[in-house]
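Novice: Take a look at the following structure, please.
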Amino acid sequence: MTVSIEKLDKVKAELTITVPAEEFVAATKKAYKENVSRIKVDGFRQGKAPMAVIEKMYGPEVFYEDAANDLIMPKYVEAVKELIAQDETFQPIARPEFDIEQIEKGKDFIFKAIVDTKQEIALGDYKGIEVEAIDGEVTDKEIDQYLDMMRGKQATVRELTDADAVVEKWDVANINFTGKKDGIEFEGGAARGYDLTIGSGSFIPGFEEQVEGMKLGETRDINVTFPEVYPAEELAGKAVVFEVTVNAIKRKQLAELNDEFAKDVSNFETLEEYKADIKATLTEEKAAEIQNRYKAEVAQKAAELSDVVAPESMVKAEAENFMNDIRFQFAQQGISLEQYLQLTNGNMEDIEKECNMRAESAVKEQLVFEAIAEKEGLEVTDEDLDAEYARMAEMYNQPVDSVKEIFAMRGQVMAIKRNLLLEKVSEFLLENAKIG
């Protein structure tokens, strides 16, 4: 076997691997032995037809695919070992893409492997990165917003029965609606007894605004135009009319803000004590948020100061992780991503584009962090790993040994170590940053 290598760019390499003809012949014979029992040839008992007869009947390439599959990965691994022996800096970091160049009876078997490899990263001046200070003071407005949120959770909902009751923003309007385009009802455009929160933005732009102000029992024609980009192409950009009837109006009644309210929602006797506790909690949360924002900015700038390239294979894998996270988050809310996009007139291409952009940034930062860790001699110790296991054990209320066993069985120990190392680098960069 012979192998040659060509660098296509900073990270991508193309290996051309040539397997001698006799090895390819041996692989086809092996493929014949593994498949002959399933091949029926007239004049021969099942599984007894000679290889030459089968090749004459189905063509010599009948066993090529199995032979190639049997050779490609082992020969690729052998080639990589040979290249590493010649140059220790050569290090593939992803599964390769294979392409067969020559496959023919009596000739060498030649295939190419295109693979992303570890790159040499020229790091910029990552110590002393300047970051603008963020004010961590908690304002009275933020405290009031928190109190409003708590009042909302404690609010009672009452149904308005007054004949003159009018739908207001944030009311829940129970409605019947029927949509028509050019006077004809369209599929999916009608419902009865639908609860719509006014101001939620869950319907077509302009719909909720026109329901606002309707009286209890009123029927009104609402004119709206579907967005130009809409999942149902027959409705995209089209003007339609919805006949809407308000069946009921439900309105939240907020609790009065006083000492009694503080007693109901906290362990404090007075509203002032409760506010002081809220301020302390928000201050702590804000400090943590600011630290994370500092870390994110420092990581971004460290990557920008380097000449790192995000390998396509790593970006693709990370983008898939981001997409899976998004799908999981919506599933937790009882809705699919596709349903959400339809309700909000969103576009899957925009979501995928955003995931790819985030993935590229994340991969660049990860590679730069790993290079900094190597240069600075930062490592994850056994004590660091044990501390992380203890933290997770407390979080999941499980014995430490059980947590260790679970992550070992899942093959996730290296992932935990990598995350711990990246966090060490993040803290190192922040400690050496200039904030002000």
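Letters A, B, ... go to the chains of the structure tokens in the order shown; residues in each chain start at 1; ligands are counted from 1 in the same order.
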Quick one: residues within 10 Å of Ala302 of chain A, only C-alpha atoms counted, chain neighbours fewer than 5 positions away excluded, as number ranges by chain?
Specialist: A: 123-127, 129, 296-297, 364-365, 368-369, 372, 429
Novice: DSSP on the backbone: which residues in segment 254-345 of chain A end up as alpha helix (DSSP H)? Give the answer as a ChimeraX atom specification.
Specialist: /A:259-265,271-304,312-332,337-343
Novice: When distances are computed from only C-alpha atoms, which of A:Lys316, A:Arg327, A:Lys12, A:Lys375 shows the smallest separation from Ala359 of chain A?
Specialist: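 The shortest atom-to-atom distance to Ala359 of chain A comes from A:Lys316.
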Novice: Which is closest to Pro96 of chain A among A:Thr178, A:Ser313, A:Ser306, A:Thr281, if we use only C-alpha atoms?
Specialist: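 Using only C-alpha atoms, Pro96 of chain A sits closest to A:Ser313.
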Novice: Residues of segment 134-184 of chain A within 12 Å of segment 200-210 of chain A: nearest atom pair and distance (Å, one decimal) for each, counting only C-alpha atoms, sorted by chain and number, as JSON lines?
Specialist:
```
{"residue": "A:Val166", "atom": "CA", "partner": "A:Gln210", "partner_atom": "CA", "distance": 12.0}
{"residue": "A:Val167", "atom": "CA", "partner": "A:Gln210", "partner_atom": "CA", "distance": 9.9}
{"residue": "A:Glu168", "atom": "CA", "partner": "A:Glu209", "partner_atom": "CA", "distance": 9.6}
{"residue": "A:Lys169", "atom": "CA", "partner": "A:Glu209", "partner_atom": "CA", "distance": 8.5}
{"residue": "A:Trp170", "atom": "CA", "partner": "A:Ser200", "partner_atom": "CA", "distance": 7.6}
{"residue": "A:Asp171", "atom": "CA", "partner": "A:Ser200", "partner_atom": "CA", "distance": 10.0}
{"residue": "A:Val172", "atom": "CA", "partner": "A:Ser200", "partner_atom": "CA", "distance": 9.9}
{"residue": "A:Ala173", "atom": "CA", "partner": "A:Glu208", "partner_atom": "CA", "distance": 9.8}
{"residue": "A:Ile175", "atom": "CA", "partner": "A:Glu208", "partner_atom": "CA", "distance": 11.2}
{"residue": "A:Phe177", "atom": "CA", "partner": "A:Phe207", "partner_atom": "CA", "distance": 11.0}
{"residue": "A:Gly179", "atom": "CA", "partner": "A:Phe207", "partner_atom": "CA", "distance": 11.4}
```
Novice: Measuring between only C-alpha atoms, which one of A:Glu137, A:Asn176, A:Glu185, A:Ser4 shows the shortest distance to Thr219 of chain A?
Specialist: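 Closest to Thr219 of chain A of all the choices is A:Asn176.
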Novice: Among the residues of segment 63-250 of chain A, find those DSSP assigns to strand (DSSP E) from the backbone and print them as a ChimeraX atom specification.
Specialist: /A:97-102,109-116,130-131,156-160,172-181,184-197,219-225,239-250
Novice: Which residues are near Lys10 of chain A? Cut-off 10 Å, only C-alpha atoms, ignore same chain within fewer than 6 positions. Put them as an mmCIF file with C-alpha atoms, in the first residue's frame.
Specialist:
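Here's the written file result-v5.cif:
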```
data_model
loop_
_atom_site.group_PDB
_atom_site.id
_atom_site.type_symbol
_atom_site.label_atom_id
_atom_site.label_comp_id
_atom_site.auth_asym_id
_atom_site.auth_seq_id
_atom_site.Cartn_x
_atom_site.Cartn_y
_atom_site.Cartn_z
ATOM 1 C CA ASP A 116 -10.007 17.721 8.695
ATOM 2 C CA THR A 117 -6.745 17.810 10.628
ATOM 3 C CA LYS A 118 -5.364 19.591 13.655
ATOM 4 C CA GLN A 119 -4.051 23.026 12.770
ATOM 5 C CA GLU A 120 -1.211 25.146 14.055
ATOM 6 C CA ILE A 121 -2.843 28.238 15.547
ATOM 7 C CA ASP A 307 -5.649 32.835 12.748
ATOM 8 C CA VAL A 308 -7.872 29.877 13.670
ATOM 9 C CA VAL A 309 -10.048 28.202 11.032
ATOM 10 C CA ALA A 310 -13.229 26.345 11.969
ATOM 11 C CA PRO A 311 -13.112 22.871 10.365
#
```
Novice: For segment 52-61 of chain A, work out the shell of residues within 12 Å, counting only C-alpha atoms and skipping chain neighbours fewer than 3 positions away, then give it as a list in words.
Specialist: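 Counting only the stated atoms, we get Phe24, Val25, Thr28, Lys29, Ala31, Tyr32, Lys33, Asn35, Val36, Ser37, Arg38, Ile39, Lys40, Val41, Asp42, Gly43, Phe44, Gly47, Lys48, Ala49, Tyr64, Glu65, Asp66, Ala67, Ala68, Ile103, Glu104, Lys105 and Gly106 of chain A.
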Novice: Which one of A:Met73, A:Pro20, A:Val3, A:Met150 sits closest to Val265 of chain A if you count only C-alpha atoms?
Specialist: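 Residue with the minimum atom-to-atom distance to Val265 of chain A: A:Met150.
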Novice: Of the candidates A:Met51, A:Ala236, A:Val80, A:Met392, which one gets nearest to Thr2 of chain A if we count only C-alpha atoms?
Specialist: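 Smallest separation from Thr2 of chain A among the options: A:Val80.
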Novice: For Arg95 of chain A, which residue out of A:Gly128, A:Arg418, A:Glu349, A:Met314 is the nearest one, using only C-alpha atoms?
Specialist: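 The shortest atom-to-atom distance to Arg95 of chain A comes from A:Met314.
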Novice: Hey, what's within 7 Å of Ala319 of chain A if we count only C-alpha atoms and toss same-chain stuff fewer than 3 positions away? As a list of chain:residue names, please?
Specialist: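 Listing them by chain and then by number gives A:Val315, A:Lys316, A:Phe322, A:Met323, A:Cys355, A:Asn356, A:Ala359.
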Novice: Write a file of the selected residues as an mmCIF file, in the first residue's frame, keeping N, CA and C atoms.
Specialist:
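Final file, out_38.cif:
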```cif
data_model
loop_
_atom_site.group_PDB
_atom_site.id
_atom_site.type_symbol
_atom_site.label_atom_id
_atom_site.label_comp_id
_atom_site.auth_asym_id
_atom_site.auth_seq_id
_atom_site.Cartn_x
_atom_site.Cartn_y
_atom_site.Cartn_z
ATOM 1 N N VAL A 315 -17.906 22.173 12.647
ATOM 2 C CA VAL A 315 -19.007 23.135 12.583
ATOM 3 C C VAL A 315 -20.325 22.405 12.343
ATOM 4 N N LYS A 316 -20.304 21.452 11.432
ATOM 5 C CA LYS A 316 -21.519 20.687 11.125
ATOM 6 C C LYS A 316 -22.031 19.948 12.357
ATOM 7 N N PHE A 322 -26.739 22.299 18.319
ATOM 8 C CA PHE A 322 -27.560 23.486 18.590
ATOM 9 C C PHE A 322 -28.995 23.257 18.132
ATOM 10 N N MET A 323 -29.160 22.657 16.946
ATOM 11 C CA MET A 323 -30.499 22.395 16.418
ATOM 12 C C MET A 323 -31.251 21.405 17.308
ATOM 13 N N CYS A 355 -27.800 28.648 13.586
ATOM 14 C CA CYS A 355 -27.077 27.541 14.231
ATOM 15 C C CYS A 355 -25.670 27.398 13.657
ATOM 16 N N ASN A 356 -25.538 27.551 12.355
ATOM 17 C CA ASN A 356 -24.220 27.446 11.716
ATOM 18 C C ASN A 356 -23.294 28.577 12.149
ATOM 19 N N ALA A 359 -22.278 27.891 15.649
ATOM 20 C CA ALA A 359 -21.375 26.739 15.673
ATOM 21 C C ALA A 359 -19.973 27.139 15.242
#
```
Novice: How close does each residue of segment 149-232 of chain A get to segment 249-261 of chain A, giving the shortest atom pair and distance in Å to one decimal for every residue with an atom at most 7 Å away, counting only C-alpha atoms, sorted by chain and residue number, as CSV?
Specialist:
```
residue,atom,partner,partner_atom,distance
A:Arg151,CA,A:Ala255,CA,5.7
A:Gly152,CA,A:Leu254,CA,6.2
A:Gln154,CA,A:Ala255,CA,6.7
A:Ala155,CA,A:Leu254,CA,4.6
A:Thr156,CA,A:Gln253,CA,5.1
A:Val157,CA,A:Lys252,CA,4.4
A:Arg158,CA,A:Arg251,CA,5.6
A:Glu159,CA,A:Lys250,CA,4.4
A:Leu160,CA,A:Ile249,CA,5.6
A:Val167,CA,A:Ile249,CA,6.5
A:Asp171,CA,A:Arg251,CA,5.0
A:Val172,CA,A:Lys250,CA,5.0
A:Ala173,CA,A:Ile249,CA,4.8
A:Asn174,CA,A:Ile249,CA,6.3
A:Leu216,CA,A:Ile249,CA,6.8
```
Novice: Just to confirm, what's the straight-line distance from atom CA of Gln291 of chain A to atom CA of Leu430 of chain A in Å (one decimal)?
Specialist: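 So the answer is 8.7 Å.
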Novice: What lies within 9 Å of segment 402-413 of chain A using only C-alpha atoms, ignoring chain neighbours under 6 positions off, as number ranges by chain?
Specialist: A: 386, 389-390, 392-393, 396
